[in-house]
Structure formats: C-alpha cells, structure tokens
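Report on the structure given below.
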Amino acid sequence: MIFGNIGSIISDHYSSLGQETGLKNPLDYIVLAGIFAVFPAIVGFVLANYVVLWSGFITASASVLSVLTGFSINTIILLMRYDKDGSHPYEERTVRKTKEFTLYAILAGVVLIICLVFGIVVSRIGGTAGSGLAFVVSGIVYSLMAHYFLTLLVITHRFWSLIHGDVL
C-alpha cells in the first residue's frame, strides 16, 4: 500500500520519544500525548479563537514550512552517510533516532502544507471570524504548527547530542 509506512513513522516517533524520556507505564505515555498533542491543540484553538487565518499569513507560512520541510529532507540525506563510518554505537543509536524524528517532521510538514493549502481555499471563499469553518481550519492549522515546531525542537536537541557526543 502506498501510505503503509505512515503508521510506522508515527509509531517509531512516539516510541522513540518514550524510550528517550524513560517512560515506562501507560500514564507516562498519556503525559507524552499531552505535551505533543493536547498542548498544541489548546494553543491552536485559542489562537484560532482570536486570529482567523488570512491569505497573507497562509502564503508566508506555506513558504516557510516548505523550506523547513526541505531542510528536514536534507538532514535525512546527510544522516544516511553519517552512521556508515563505524562510529560509536551510542552515536549510531542517536543517528537512528534523529532519522526517525526527521522522517516524522517531514510527514508533519507535508500534512501542515496540505492544511495551509486548504486554509487558502477557506480564506478565498470568505471565511470570517465568526465562521465555524474558518475557526476549525484555523485551529487545526495552528495546532499542527505548534506540534511541528515542538518536533523541530526535539530534532535540534538530537543534533546537539550528536555534535557534543552526549548519549541520549
């Protein structure tokens, strides 16, 4: 199936997060879901309540997110060569986890760009601040943006670990 790997990318991402943070029981995974799903959703829909998407913002965001997603793709390409040089096993594990997170960032970036395109359509048909559709689309886009930026922060942490040789 053409989209069969998407589930694997998502499960690798969250299981890697759980392993890295030492989460063991189901309650820990609920906390993790709160940080990476509930918190961005709250931020996104609070923002949507006050600021509805408008075409200038969407156009600028689509460009920025396309560049960030492109950087993530370049990161994967560079990391493919990094772990073949017989480096330390801890670094290999860090590289593998960084690859998993970067794949997830690419997936999140592509989904976000698709939502921004949908937001352009909604803004062109005249979604106003009182419109339910404009609120929902704005909330989803802002939530995905918050989640995407959290993911990029974790990737930055992993790169820091690679550069400084620290074990995750």
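How things are named: the first chain in the structure tokens is A, the next is B, and so on; residues count from 1 in each chain; ligands count from 1 in the order shown.
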Which neighbours of A:Met145 fall inside 10 Å, counting only C-alpha atoms, when residues of the same chain fewer than 2 positions from it are skipped, and could you give them as a ChimeraX atom specification? /A:40-41,43-44,61,65,108-109,112-113,139-143,147-151
Which residues are close to A:Ser8, i.e. within 12 Å by only C-alpha atoms, leaving aside same-chain residues fewer than 3 positions away? Reply as a PDB file with N, CA and C atoms, in the first residue's frame.
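Resulting contents of result-v6.pdb:
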ATOM      1  N   PHE A   3       0.539   4.249   1.292  1.00  0.00           N
ATOM      2  CA  PHE A   3       0.687   5.019   2.525  1.00  0.00           C
ATOM      3  C   PHE A   3       0.943   4.121   3.732  1.00  0.00           C
ATOM      4  N   GLY A   4       1.396   2.906   3.507  1.00  0.00           N
ATOM      5  CA  GLY A   4       1.594   1.937   4.583  1.00  0.00           C
ATOM      6  C   GLY A   4       2.645   2.324   5.604  1.00  0.00           C
ATOM      7  N   ASN A   5       3.625   3.125   5.203  1.00  0.00           N
ATOM      8  CA  ASN A   5       4.712   3.483   6.119  1.00  0.00           C
ATOM      9  C   ASN A   5       4.361   4.623   7.061  1.00  0.00           C
ATOM     10  N   SER A  11       4.482   5.651  14.785  1.00  0.00           N
ATOM     11  CA  SER A  11       4.749   4.802  15.956  1.00  0.00           C
ATOM     12  C   SER A  11       6.225   4.824  16.335  1.00  0.00           C
ATOM     13  N   ASP A  12       7.139   4.857  15.352  1.00  0.00           N
ATOM     14  CA  ASP A  12       8.569   4.970  15.664  1.00  0.00           C
ATOM     15  C   ASP A  12       8.872   6.281  16.377  1.00  0.00           C
ATOM     16  N   HIS A  13       8.221   7.342  15.916  1.00  0.00           N
ATOM     17  CA  HIS A  13       8.426   8.667  16.515  1.00  0.00           C
ATOM     18  C   HIS A  13       8.054   8.664  17.997  1.00  0.00           C
ATOM     19  N   TYR A  14       6.860   8.176  18.312  1.00  0.00           N
ATOM     20  CA  TYR A  14       6.405   8.221  19.698  1.00  0.00           C
ATOM     21  C   TYR A  14       7.069   7.163  20.570  1.00  0.00           C
ATOM     22  N   SER A  15       7.401   6.000  20.018  1.00  0.00           N
ATOM     23  CA  SER A  15       8.115   5.012  20.834  1.00  0.00           C
ATOM     24  C   SER A  15       9.528   5.491  21.117  1.00  0.00           C
ATOM     25  N   SER A  16      10.141   6.186  20.162  1.00  0.00           N
ATOM     26  CA  SER A  16      11.469   6.755  20.380  1.00  0.00           C
ATOM     27  C   SER A  16      11.424   7.822  21.465  1.00  0.00           C
ATOM     28  N   GLU A 100      14.469   8.955  12.679  1.00  0.00           N
ATOM     29  CA  GLU A 100      13.048   8.702  12.933  1.00  0.00           C
ATOM     30  C   GLU A 100      12.297  10.009  13.148  1.00  0.00           C
ATOM     31  N   PHE A 101      12.879  10.900  13.951  1.00  0.00           N
ATOM     32  CA  PHE A 101      12.219  12.168  14.223  1.00  0.00           C
ATOM     33  C   PHE A 101      12.162  13.037  12.983  1.00  0.00           C
ATOM     34  N   LEU A 103      12.061  11.999   9.847  1.00  0.00           N
ATOM     35  CA  LEU A 103      11.002  11.461   8.983  1.00  0.00           C
ATOM     36  C   LEU A 103       9.636  11.938   9.457  1.00  0.00           C
ATOM     37  N   TYR A 104       9.442  11.939  10.768  1.00  0.00           N
ATOM     38  CA  TYR A 104       8.170  12.408  11.315  1.00  0.00           C
ATOM     39  C   TYR A 104       7.991  13.901  11.029  1.00  0.00           C
ATOM     40  N   LEU A 107       6.856  14.286   7.525  1.00  0.00           N
ATOM     41  CA  LEU A 107       5.436  13.930   7.436  1.00  0.00           C
ATOM     42  C   LEU A 107       4.557  15.049   7.993  1.00  0.00           C
TER      43      LEU A 107
END
Which residue, A:Ala105, A:Leu162, A:Leu116, A:Val136, has the smallest gap to A:Leu68 when you use only C-alpha atoms?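 Distance minimum relative to A:Leu68 lands on A:Ala105.
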Atomic distance atom CA of A:Leu17 - atom CA of A:Gly70, expressed in Å with one decimal: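 Taking atom CA of A:Leu17 and atom CA of A:Gly70, their separation equals 22.9 Å.
Ranking A:Ile106, A:Ile77, A:Ala146, A:Leu53 by their shortest atom-to-atom distance to A:Gly119, with only C-alpha atoms included, puts A:Leu53 first.
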Do you have the atom CA of A:Phe39-atom CA of A:Leu133 distance handy?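 Taking atom CA of A:Phe39 as the start and atom CA of A:Leu133 as the end point, the length is 21.6 Å.
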